[in-house]
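One structure is given here, and the rest of the page talks about it.
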There are 2 protein chains.
Amino acid sequence: MKRLEEEITRQVTALDVAKQAGVSRSAVSRTFTPGASVSDATRKKVLKAADELGYRVNQLARSLINKRSDLVGIVAANMDNPFRAQQVEHMARALVEHGFRPILLPAEGEENPARVIGMLLEYNVSGVIVTSDTPPQGICQECVSLGVPMVLINKGEIDANVDRVLLDNEASGRMAASHLYERSCRNLAVIGSDKPSFSLQVRIRAFRQACRELGFAEPAYFSAPKQDYQAGFLAAQAMIKDMPQVDGLFCVTDYMALGSLDYLRLHSDKKVPDDLKVIGCDDIAQASWAGYNLTTIRQDTKCLAQQVVAALEARFNHPNAPAHLRMVEVNMIERATTKETKDESDQDAKAV
Amino acid sequence: MKRLEEEITRQVTALDVAKQAGVSRSAVSRTFTPGASVSDATRKKVLKAADELGYRVNQLARSLINKRSDLVGIVAANMDNPFRAQQVEHMARALVEHGFRPILLPAEGEENPARVIGMLLEYNVSGVIVTSDTPPQGICQECVSLGVPMVLINKGEIDANVDRVLLDNEASGRMAASHLYERSCRNLAVIGSDKPSFSLQVRIRAFRQACRELGFAEPAYFSAPKQDYQAGFLAAQAMIKDMPQVDGLFCVTDYMALGSLDYLRLHSDKKVPDDLKVIGCDDIAQASWAGYNLTTIRQDTKCLAQQVVAALEARFNHPNAPAHLRMVEVNMIERATTKETKDESDQDAKAV
DNA sequence: CTGTTAGCGCGTTCAT
DNA sequence: ATGAACGCGCTAACAG
């Protein structure tokens, strides 16, 4: 434990440990290599010496040899979206637990992917995980063509050989529709985005399809430029204006649902859930806040993260296996915004 | 641009480029080293060959020599808190812009810091940034004693030689107090946490101090176990019960303020801002949502990130300089929750 | 300005 | 099981 001035100037190397332990440098190396073959006696000696000197394996040097840096790039954008933030956190946790080091790269729009690509490739990342509303095509193409394992989260097919992990967006849309049906809603609307990401498109399509199968009229569609709180707010405004008779609303993300709920409460006569029932999708933390208490379809990001890491490891073991697609289950969380009205026929209509 | 099967099997090395360009390996190296001395002629040749072969510098090998990996660890926790998520995103962005690679390490409680330390040290990180409500002491001590540059965000002093960046928590507390004073509030309360983090403690102390100077009575203090939405909700409940006459409230974080606002709206007769004015701190995205519209003290996380990177670079240049403390300004954002009531004396008291 | 040489810290044959 | 030698891809110091 007496190491004060050396560390500052020179790193403790395997050779130092070897000398201290009275063995060869290879012995030290082997001691710290999982699939080794060292006698217990020397292992002890090495570990002792290593501890005394405060030795740590230099992973950078190690990577140089076995070509596995165990660095994994997380390319993410829109981290203001709580769902995304949660995804990133769980992803980082899962990676660390499995012995990887997540290196976080904010996807800086479509303008300059070269920088990000450089960061990834120059550091010999073992893999790349992409989660962003608008996946940076350039980065994906380059990585794939260079054979860097890549996993896309909630994205459409980009190239033949890319693994993907999807939340069950189809089921999400269907569950939303049938739940509103059970709650006796008959005039439905969907709130989405002008430029919906892949998963949003699927949710919307599935919702529409389910509506048809249930015998609904085609649900009305409202949207705004982005896909955040403000967008939900604006879309709800448009909806109230164009479709006053609406009694069931599916917001394709909770983030937008919160905006919609606030618009309805502050600027409309519609009471939720009495006059209008609302269901969201994702189950972000805010959805369970007392102020919203939003019924929603939960997307388990923890499970998602596990699946992503699993996909990555599978790809390491079988680099040439065909692209695999993993699906993560969803389930409905019923809260106040779709609560059954005591008497569905004519509740004391407390319009202002 | 014709590189298809080689890449998969073997990395393109500087030697390959040298051969192709008809120069020495060093020439290649120099071309890609900022402080170089290469003739324009050879530089051209090298760049051309490099482009043709798809060569990229191997930063891992480079780090092995100049001992600067440019990897920077971000140790973060509580990313469910939007303020923290925003911090992390801006931090990652700033780091990338300055040529660093952020490696994100979720601080996993106090239980097992060894794993995180290992990740940091074995990868020869150039620096470590810590932002967490409860800073993992073990990690900090170890890094400092090993001479790894470290920057603490919004933390108290841990060790003599650690740089820190603080938002101006003192000013935050003072501004909150004087704003409530200007708005004619006289019965003040503070909502904090049972175990407040460093910056929260400072905000509370400064608020109290300002109250004394303004001639207020000592503000009442309410708190709950954690420091999130739920905590704000519970603390507000306690406040309404114990102190019905409260007319001015300072929530030490927006995150908690949102919980308080929801409690007040849903479970109390107090109307904000008519009966009770509320001010938060941080200016998280949700604070500006229509449903909250919270007056708050803005903490500029973008500027914070810049300062942190600056601190890191300063430390690289002068490893033995005394610890430096950087302060980031704050400013008040006035929204609806402290809006002046038209007639302050006796508004139509619309108690239910 | 250029090429040659010597390591950076480590994993892995190949003999013993 | 263990030690000696070699190479991973690169930069820095040295000669020319």
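Chain labels A, B, ... are given in the sequence in which chains occur in the structure tokens; within each chain residues are numbered consecutively from 1, and ligands are likewise numbered from 1 in the order shown.
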Enumerate, in order of chain and increasing residue number, the residues of chain B with an atom no farther than 8 Å from chain D, each with its shortest atom pair and distance in Å to one decimal, counting only C-alpha atoms (C1' of nucleotides), as JSON lines.
{"residue": "B:Thr13", "atom": "CA", "partner": "D:DG9", "partner_atom": "C1'", "distance": 6.8}
{"residue": "B:Ala14", "atom": "CA", "partner": "D:DG9", "partner_atom": "C1'", "distance": 7.5}
{"residue": "B:Ser29", "atom": "CA", "partner": "D:DT11", "partner_atom": "C1'", "distance": 7.4}
{"residue": "B:Asn58", "atom": "CA", "partner": "D:DG9", "partner_atom": "C1'", "distance": 6.8}
{"residue": "B:Ala61", "atom": "CA", "partner": "D:DC10", "partner_atom": "C1'", "distance": 5.3}
{"residue": "B:Arg62", "atom": "CA", "partner": "D:DC10", "partner_atom": "C1'", "distance": 5.3}
{"residue": "B:Ile65", "atom": "CA", "partner": "D:DT11", "partner_atom": "C1'", "distance": 6.3}
{"residue": "B:Asn66", "atom": "CA", "partner": "D:DT11", "partner_atom": "C1'", "distance": 7.5}
Next item on the list: Using only C-alpha atoms (C1' of nucleotides), determine which residues of chain C fall within 10 Å of chain B; present them as number ranges by chain.
Entry: C: 1-4, 7-9
Next item on the list: Could you list, as number ranges by chain, the residues of chain A having an atom within 8 Å of chain B when counting only C-alpha atoms?
Entry: A: 4, 7-8, 56-61, 63-64, 79-80, 82, 85-86, 89, 92-93, 96, 101-106, 118-119, 121-124, 145-147, 229-230, 259, 262-263, 266, 285, 289-291
Write to file, as an mmCIF file, in the first residue's frame, the residues of the selection just made, with C-alpha atoms.
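So out_37.cif came out as:
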data_model
loop_
_atom_site.group_PDB
_atom_site.id
_atom_site.type_symbol
_atom_site.label_atom_id
_atom_site.label_comp_id
_atom_site.auth_asym_id
_atom_site.auth_seq_id
_atom_site.Cartn_x
_atom_site.Cartn_y
_atom_site.Cartn_z
ATOM 1 C CA LEU A 4 3.140 7.567 -3.607
ATOM 2 C CA GLU A 7 2.540 6.265 -9.946
ATOM 3 C CA ILE A 8 2.647 9.848 -10.964
ATOM 4 C CA ARG A 56 -3.725 -2.962 -13.159
ATOM 5 C CA VAL A 57 -3.878 -4.536 -16.585
ATOM 6 C CA ASN A 58 -3.647 -2.011 -19.374
ATOM 7 C CA GLN A 59 -6.694 -2.808 -21.432
ATOM 8 C CA LEU A 60 -5.540 -0.542 -24.224
ATOM 9 C CA ALA A 61 -2.412 -2.586 -24.760
ATOM 10 C CA SER A 63 -6.877 -4.654 -27.048
ATOM 11 C CA LEU A 64 -3.995 -4.071 -29.403
ATOM 12 C CA MET A 79 -32.000 12.727 -24.686
ATOM 13 C CA ASP A 80 -34.400 15.400 -23.532
ATOM 14 C CA PRO A 82 -37.235 10.938 -20.804
ATOM 15 C CA ALA A 85 -32.662 9.048 -21.254
ATOM 16 C CA GLN A 86 -33.948 6.003 -19.457
ATOM 17 C CA GLU A 89 -29.022 4.684 -18.610
ATOM 18 C CA ALA A 92 -24.978 1.713 -20.026
ATOM 19 C CA ARG A 93 -25.746 -0.339 -16.941
ATOM 20 C CA VAL A 96 -21.013 -2.456 -17.758
ATOM 21 C CA ARG A 101 -17.516 0.036 -21.588
ATOM 22 C CA PRO A 102 -20.154 2.294 -23.067
ATOM 23 C CA ILE A 103 -18.853 5.289 -24.886
ATOM 24 C CA LEU A 104 -21.616 7.808 -25.346
ATOM 25 C CA LEU A 105 -21.790 9.651 -28.646
ATOM 26 C CA PRO A 106 -24.528 12.241 -29.063
ATOM 27 C CA GLY A 118 -14.069 8.420 -36.589
ATOM 28 C CA MET A 119 -14.547 8.182 -32.850
ATOM 29 C CA LEU A 121 -13.551 3.280 -35.729
ATOM 30 C CA GLU A 122 -10.361 4.817 -34.447
ATOM 31 C CA TYR A 123 -11.054 3.309 -31.064
ATOM 32 C CA ASN A 124 -11.742 -0.122 -32.466
ATOM 33 C CA SER A 145 -19.519 -2.264 -44.449
ATOM 34 C CA LEU A 146 -16.521 -2.439 -42.128
ATOM 35 C CA GLY A 147 -17.936 -5.351 -40.229
ATOM 36 C CA TYR A 229 -44.320 17.576 -25.329
ATOM 37 C CA GLN A 230 -44.945 20.674 -27.377
ATOM 38 C CA GLY A 259 -48.582 17.706 -23.800
ATOM 39 C CA ASP A 262 -52.110 19.600 -20.460
ATOM 40 C CA TYR A 263 -53.778 21.202 -23.445
ATOM 41 C CA LEU A 266 -55.972 24.038 -19.572
ATOM 42 C CA ALA A 285 -41.635 8.135 -15.283
ATOM 43 C CA TRP A 289 -46.966 11.295 -11.764
ATOM 44 C CA ALA A 290 -50.065 12.298 -9.862
ATOM 45 C CA GLY A 291 -50.589 15.238 -12.177
#
Next item on the list: Enumerate as an MDAnalysis selection string all residues of region 25-129 of chain A assigned to alpha helix (DSSP H) by DSSP on the backbone, naming them with the chain letters and numbers the document uses.
Entry: chainID A and resid 25:31 40:53 59:66 82:97 113:122
Checklist line | Nearby residues (only C-alpha atoms (C1' of nucleotides)) at most 12 Å from Ala236 (chain A), same-chain spacing under 5 positions excluded, as number ranges by chain | finding: A: 189-193, 220-224, 229-231, 241-244, 246, 249-251, 256-268, 270, 276, 278
Notebook entry, point to check: How far is it from CA of Arg10 (chain B) to CA of Arg164 (chain A), in Å with one decimal?
Noted result: 26.2 Å
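You can rank A:Gly232, A:Gly127, A:Gly280, A:Pro273 by their closest distance to Ser172 (chain A) using only C-alpha atoms, and at the top of that list sits A:Gly280.
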Next item on the list: Could you jot down the CA of Gly138 (chain B) to CA of Ile153 (chain B) separation for me, Å, one decimal place?
Entry: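 Interatomic distance here is 16.4 Å.
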Item checked: Separation of CA of Ala177 (chain B) from CA of Arg208 (chain B), in Å and rounded to one decimal -> 8.0 Å
Margin query: Let me make sure I understand: among A:Cys281, A:Val330, A:Ala176, A:Cys185, which one has the smallest atom-to-atom distance to Gln245 (chain A) if we use only C-alpha atoms?
Written below: A:Cys185
